[in-house]
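See below for the structure under consideration.
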Amino acid sequence: MKPSSVRPADDIEEVVQRYGNMLFRLCVVMLGSSSDAEDAVSEVILKYMQKAPVFETAEHEKAWLITTAKNKCRDMIRFQTRHPQISSELLEESSFDPSDSGILEALLSLPEKFRIVLTLYYVEEYRIEDIAQVIQRTPSAVKMRLKKGRRLLEEKYRKEYL
């Protein structure tokens, strides 16, 4: 790789400071493991560093990072499915509030298409139109996933924790 196509260290540090926690939370929700989430975020930052993409706006950069993280998590899930391992941790070191662990466990049990939409909407406070762009679906599809995801989350949470 050409040295000119590698991003400067200052840019990397700024991106990690600005988006690192958000990417970590997203990956934890998708993968269900803080150590796997750390690995995924590291891989995303490495790809960002190596590819050195040019963005029109900060929102475009953020969307690229989220999409790349989502794709990396999917790759990791595929690998884990094909190569199952016996033990896995469940969010022992994550930055989530322990009082929310029941809701978090219920969220983790949902299918990915609902987890990611719920996380982007409620945790990252994305607008529906922005989520639609990130997941490459229509705003109507995002609204339906939010509605169904909320219903599924409520059902799972009530069954398991109430």
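Letters for chains follow the order of the structure tokens (A, B, ...), residue numbers begin at 1 for each chain, and ligand numbers begin at 1 in the order shown.
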Check your understanding: Counting only C-alpha atoms, what is within 12 Å of region 29-31 of chain A, bar same-chain residues fewer than 6 positions away, as number ranges by chain?
Key -> A: 22-23, 37-41, 66, 69-81, 88-91, 94-96, 101, 103-120, 123
Would you mind exporting the chosen residues as a CSV table (one decimal), in the first residue's frame, restricted to N, CA and C atoms?
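Now in result14.csv:
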```
chain,number,residue,atom,x,y,z
A,22,MET,N,-19.3,4.8,20.3
A,22,MET,CA,-20.5,4.5,19.6
A,22,MET,C,-20.3,3.2,18.8
A,23,LEU,N,-19.2,3.0,18.2
A,23,LEU,CA,-18.9,1.8,17.4
A,23,LEU,C,-18.8,0.6,18.3
A,37,ALA,N,-16.4,-7.3,20.4
A,37,ALA,CA,-16.7,-5.9,19.9
A,37,ALA,C,-15.4,-5.1,19.8
A,38,GLU,N,-14.5,-5.3,20.8
A,38,GLU,CA,-13.2,-4.6,20.7
A,38,GLU,C,-12.5,-5.0,19.5
A,39,ASP,N,-12.5,-6.3,19.2
A,39,ASP,CA,-11.8,-6.8,18.0
A,39,ASP,C,-12.4,-6.2,16.7
A,40,ALA,N,-13.7,-6.1,16.7
A,40,ALA,CA,-14.4,-5.6,15.5
A,40,ALA,C,-14.1,-4.1,15.3
A,41,VAL,N,-14.1,-3.3,16.4
A,41,VAL,CA,-13.8,-1.9,16.3
A,41,VAL,C,-12.4,-1.7,15.9
A,66,ILE,N,-20.2,3.2,10.6
A,66,ILE,CA,-21.2,2.3,11.1
A,66,ILE,C,-21.5,1.1,10.2
A,69,ALA,N,-18.6,-1.3,10.4
A,69,ALA,CA,-18.7,-2.0,11.7
A,69,ALA,C,-19.8,-3.1,11.6
A,70,LYS,N,-20.9,-2.7,11.0
A,70,LYS,CA,-22.0,-3.7,10.9
A,70,LYS,C,-21.6,-4.8,10.0
A,71,ASN,N,-20.9,-4.6,8.9
A,71,ASN,CA,-20.4,-5.6,8.0
A,71,ASN,C,-19.4,-6.5,8.7
A,72,LYS,N,-18.5,-5.9,9.5
A,72,LYS,CA,-17.4,-6.7,10.2
A,72,LYS,C,-18.1,-7.6,11.2
A,73,CYS,N,-19.1,-7.1,11.9
A,73,CYS,CA,-19.8,-7.9,12.9
A,73,CYS,C,-20.5,-9.1,12.2
A,74,ARG,N,-21.1,-8.8,11.1
A,74,ARG,CA,-21.8,-9.9,10.3
A,74,ARG,C,-20.8,-11.0,9.9
A,75,ASP,N,-19.6,-10.5,9.4
A,75,ASP,CA,-18.5,-11.5,9.1
A,75,ASP,C,-18.1,-12.3,10.3
A,76,MET,N,-18.0,-11.7,11.4
A,76,MET,CA,-17.6,-12.4,12.7
A,76,MET,C,-18.7,-13.4,13.1
A,77,ILE,N,-19.9,-13.0,13.0
A,77,ILE,CA,-21.0,-13.8,13.3
A,77,ILE,C,-21.0,-15.1,12.4
A,78,ARG,N,-20.8,-14.8,11.1
A,78,ARG,CA,-20.8,-15.9,10.2
A,78,ARG,C,-19.6,-16.9,10.5
A,79,PHE,N,-18.5,-16.3,10.9
A,79,PHE,CA,-17.4,-17.2,11.3
A,79,PHE,C,-17.7,-18.0,12.5
A,80,GLN,N,-18.3,-17.3,13.5
A,80,GLN,CA,-18.6,-18.0,14.8
A,80,GLN,C,-19.6,-19.1,14.6
A,81,THR,N,-20.5,-18.9,13.6
A,81,THR,CA,-21.6,-19.9,13.3
A,81,THR,C,-20.9,-21.1,12.7
A,88,SER,N,-18.4,-18.1,25.9
A,88,SER,CA,-18.4,-16.7,25.5
A,88,SER,C,-18.8,-15.9,26.6
A,89,GLU,N,-18.2,-14.7,26.8
A,89,GLU,CA,-18.6,-13.8,27.9
A,89,GLU,C,-19.9,-13.0,27.5
A,90,LEU,N,-20.6,-12.5,28.5
A,90,LEU,CA,-21.8,-11.7,28.2
A,90,LEU,C,-21.7,-10.4,28.9
A,91,LEU,N,-21.0,-9.5,28.2
A,91,LEU,CA,-21.0,-8.1,28.6
A,91,LEU,C,-20.6,-7.7,30.0
A,94,SER,N,-18.7,-4.3,29.7
A,94,SER,CA,-19.2,-3.2,28.8
A,94,SER,C,-19.6,-2.0,29.6
A,95,SER,N,-19.8,-0.9,28.9
A,95,SER,CA,-20.2,0.3,29.5
A,95,SER,C,-21.7,0.5,29.7
A,96,PHE,N,-22.4,-0.6,29.6
A,96,PHE,CA,-23.9,-0.5,29.8
A,96,PHE,C,-24.2,-0.5,31.3
A,101,SER,N,-29.5,-4.7,32.3
A,101,SER,CA,-29.0,-6.0,31.8
A,101,SER,C,-30.2,-6.9,31.2
A,103,ILE,N,-33.0,-5.9,29.8
A,103,ILE,CA,-33.4,-5.3,28.5
A,103,ILE,C,-32.3,-5.6,27.5
A,104,LEU,N,-31.0,-5.5,27.9
A,104,LEU,CA,-29.9,-5.7,27.0
A,104,LEU,C,-29.9,-7.2,26.6
A,105,GLU,N,-30.1,-8.1,27.5
A,105,GLU,CA,-30.1,-9.5,27.1
A,105,GLU,C,-31.3,-9.8,26.2
A,106,ALA,N,-32.5,-9.2,26.5
A,106,ALA,CA,-33.6,-9.3,25.6
A,106,ALA,C,-33.3,-8.8,24.2
A,107,LEU,N,-32.6,-7.6,24.1
A,107,LEU,CA,-32.2,-7.0,22.9
A,107,LEU,C,-31.3,-7.9,22.1
A,108,LEU,N,-30.3,-8.5,22.8
A,108,LEU,CA,-29.3,-9.4,22.2
A,108,LEU,C,-30.0,-10.6,21.6
A,109,SER,N,-31.1,-11.0,22.1
A,109,SER,CA,-31.8,-12.2,21.6
A,109,SER,C,-32.6,-11.9,20.3
A,110,LEU,N,-32.8,-10.7,20.0
A,110,LEU,CA,-33.6,-10.3,18.8
A,110,LEU,C,-32.8,-10.6,17.5
A,111,PRO,N,-33.4,-10.8,16.4
A,111,PRO,CA,-32.7,-10.9,15.1
A,111,PRO,C,-31.9,-9.6,14.8
A,112,GLU,N,-30.9,-9.8,14.1
A,112,GLU,CA,-30.0,-8.6,13.8
A,112,GLU,C,-30.7,-7.4,13.2
A,113,LYS,N,-31.6,-7.7,12.3
A,113,LYS,CA,-32.2,-6.6,11.6
A,113,LYS,C,-33.0,-5.7,12.6
A,114,PHE,N,-33.5,-6.2,13.7
A,114,PHE,CA,-34.2,-5.4,14.7
A,114,PHE,C,-33.2,-4.8,15.6
A,115,ARG,N,-32.2,-5.6,16.0
A,115,ARG,CA,-31.2,-5.1,17.0
A,115,ARG,C,-30.5,-3.8,16.5
A,116,ILE,N,-30.1,-3.8,15.2
A,116,ILE,CA,-29.3,-2.7,14.7
A,116,ILE,C,-30.2,-1.4,14.6
A,117,VAL,N,-31.4,-1.6,14.2
A,117,VAL,CA,-32.3,-0.4,14.0
A,117,VAL,C,-32.7,0.1,15.4
A,118,LEU,N,-33.0,-0.7,16.4
A,118,LEU,CA,-33.3,-0.3,17.7
A,118,LEU,C,-32.1,0.4,18.4
A,119,THR,N,-30.9,-0.1,18.2
A,119,THR,CA,-29.7,0.5,18.7
A,119,THR,C,-29.4,1.8,18.1
A,120,LEU,N,-29.5,1.9,16.8
A,120,LEU,CA,-29.2,3.2,16.2
A,120,LEU,C,-30.3,4.3,16.6
A,123,VAL,N,-30.2,4.2,21.1
A,123,VAL,CA,-28.9,4.4,21.8
A,123,VAL,C,-28.1,5.5,21.1
```
Review point. Hey, what does DSSP flag as helix (DSSP H, G or I) within chain A? Can you give it to me as a PyMOL selection string?
Key: chain A and resi 3-5+9-31+34-51+58-82+98-108+112-123+128-135+139-161
Check your understanding: To one decimal place, how far is CA of Asn21 (chain A) from CA of Asp36 (chain A) in Å?
Key -> 14.2 Å
Study note, to complete from the structure: For Met144 (chain A), the closest of A:Gly102, A:Ile128, A:Phe55, A:Arg25 counting only C-alpha atoms is A:Ile128
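Of note, CA of Val44 (chain A) and CA of Thr68 (chain A) are spaced 6.3 Å apart.
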Review point. CA of Tyr121 (chain A) and CA of Leu146 (chain A) are how many Å apart?
Key: 8.3 Å
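When only C-alpha atoms are used to measure the gap to Glu59 (chain A), the shortest distance among A:Ile131, A:Leu153, A:Val142, A:Cys27 belongs to A:Ile131.
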Contact residues around Val16 (chain A) with only C-alpha atoms at 12 Å, ignoring same-chain residues under 2 positions, as a PDB file with N, CA and C atoms, in the first residue's frame:
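The file below, around-v4.pdb, is the result:
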```
ATOM      1  N   ALA A   9      -1.827   9.784  11.842  1.00  0.00           N
ATOM      2  CA  ALA A   9      -2.164   9.334  13.199  1.00  0.00           C
ATOM      3  C   ALA A   9      -3.120  10.288  13.903  1.00  0.00           C
ATOM      4  N   ASP A  10      -2.986  11.590  13.663  1.00  0.00           N
ATOM      5  CA  ASP A  10      -3.890  12.562  14.299  1.00  0.00           C
ATOM      6  C   ASP A  10      -5.336  12.335  13.879  1.00  0.00           C
ATOM      7  N   ASP A  11      -5.541  12.027  12.601  1.00  0.00           N
ATOM      8  CA  ASP A  11      -6.892  11.750  12.111  1.00  0.00           C
ATOM      9  C   ASP A  11      -7.471  10.508  12.783  1.00  0.00           C
ATOM     10  N   ILE A  12      -6.648   9.482  12.915  1.00  0.00           N
ATOM     11  CA  ILE A  12      -7.087   8.226  13.534  1.00  0.00           C
ATOM     12  C   ILE A  12      -7.493   8.476  14.983  1.00  0.00           C
ATOM     13  N   GLU A  13      -6.651   9.185  15.701  1.00  0.00           N
ATOM     14  CA  GLU A  13      -6.938   9.469  17.110  1.00  0.00           C
ATOM     15  C   GLU A  13      -8.244  10.242  17.260  1.00  0.00           C
ATOM     16  N   GLU A  14      -8.459  11.215  16.388  1.00  0.00           N
ATOM     17  CA  GLU A  14      -9.693  12.013  16.442  1.00  0.00           C
ATOM     18  C   GLU A  14     -10.922  11.146  16.169  1.00  0.00           C
ATOM     19  N   ARG A  18     -13.951  10.415  18.730  1.00  0.00           N
ATOM     20  CA  ARG A  18     -15.300  10.847  18.363  1.00  0.00           C
ATOM     21  C   ARG A  18     -16.276   9.680  18.231  1.00  0.00           C
ATOM     22  N   TYR A  19     -15.838   8.570  17.627  1.00  0.00           N
ATOM     23  CA  TYR A  19     -16.774   7.493  17.284  1.00  0.00           C
ATOM     24  C   TYR A  19     -16.495   6.158  17.974  1.00  0.00           C
ATOM     25  N   GLY A  20     -15.413   6.044  18.704  1.00  0.00           N
ATOM     26  CA  GLY A  20     -15.031   4.760  19.290  1.00  0.00           C
ATOM     27  C   GLY A  20     -16.096   4.152  20.189  1.00  0.00           C
ATOM     28  N   ASN A  21     -16.644   4.925  21.121  1.00  0.00           N
ATOM     29  CA  ASN A  21     -17.656   4.388  22.042  1.00  0.00           C
ATOM     30  C   ASN A  21     -18.927   3.981  21.308  1.00  0.00           C
ATOM     31  N   MET A  22     -19.348   4.780  20.341  1.00  0.00           N
ATOM     32  CA  MET A  22     -20.545   4.458  19.574  1.00  0.00           C
ATOM     33  C   MET A  22     -20.350   3.153  18.806  1.00  0.00           C
ATOM     34  N   LEU A  23     -19.196   3.005  18.156  1.00  0.00           N
ATOM     35  CA  LEU A  23     -18.911   1.780  17.406  1.00  0.00           C
ATOM     36  C   LEU A  23     -18.843   0.578  18.342  1.00  0.00           C
ATOM     37  N   PHE A  24     -18.242   0.768  19.508  1.00  0.00           N
ATOM     38  CA  PHE A  24     -18.140  -0.320  20.477  1.00  0.00           C
ATOM     39  C   PHE A  24     -19.537  -0.773  20.922  1.00  0.00           C
ATOM     40  N   VAL A  41     -14.129  -3.335  16.408  1.00  0.00           N
ATOM     41  CA  VAL A  41     -13.828  -1.902  16.322  1.00  0.00           C
ATOM     42  C   VAL A  41     -12.384  -1.702  15.868  1.00  0.00           C
ATOM     43  N   SER A  42     -11.480  -2.506  16.384  1.00  0.00           N
ATOM     44  CA  SER A  42     -10.078  -2.409  15.965  1.00  0.00           C
ATOM     45  C   SER A  42      -9.934  -2.649  14.469  1.00  0.00           C
ATOM     46  N   VAL A  44     -12.244  -2.200  12.203  1.00  0.00           N
ATOM     47  CA  VAL A  44     -12.857  -1.071  11.488  1.00  0.00           C
ATOM     48  C   VAL A  44     -11.882   0.098  11.430  1.00  0.00           C
ATOM     49  N   ILE A  45     -11.249   0.395  12.555  1.00  0.00           N
ATOM     50  CA  ILE A  45     -10.283   1.506  12.596  1.00  0.00           C
ATOM     51  C   ILE A  45      -9.093   1.200  11.687  1.00  0.00           C
ATOM     52  N   LEU A  46      -8.636  -0.031  11.690  1.00  0.00           N
ATOM     53  CA  LEU A  46      -7.537  -0.428  10.813  1.00  0.00           C
ATOM     54  C   LEU A  46      -7.924  -0.238   9.339  1.00  0.00           C
ATOM     55  N   TYR A  48     -10.189   1.797   8.213  1.00  0.00           N
ATOM     56  CA  TYR A  48     -10.280   3.250   8.017  1.00  0.00           C
ATOM     57  C   TYR A  48      -8.892   3.838   7.765  1.00  0.00           C
ATOM     58  N   MET A  49      -7.930   3.343   8.520  1.00  0.00           N
ATOM     59  CA  MET A  49      -6.553   3.819   8.407  1.00  0.00           C
ATOM     60  C   MET A  49      -5.951   3.429   7.051  1.00  0.00           C
ATOM     61  N   LYS A  62     -19.314   9.123   9.534  1.00  0.00           N
ATOM     62  CA  LYS A  62     -19.960   8.335  10.593  1.00  0.00           C
ATOM     63  C   LYS A  62     -20.750   7.172   9.985  1.00  0.00           C
ATOM     64  N   LEU A  65     -18.365   4.453   8.877  1.00  0.00           N
ATOM     65  CA  LEU A  65     -17.861   3.691  10.025  1.00  0.00           C
ATOM     66  C   LEU A  65     -18.915   2.718  10.550  1.00  0.00           C
TER      67      LEU A  65
END
```
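Ranking A:Arg145, A:Glu154, A:Ser34, A:Val134 by their shortest atom-to-atom distance to His60 (chain A), with only C-alpha atoms included, puts A:Val134 first.
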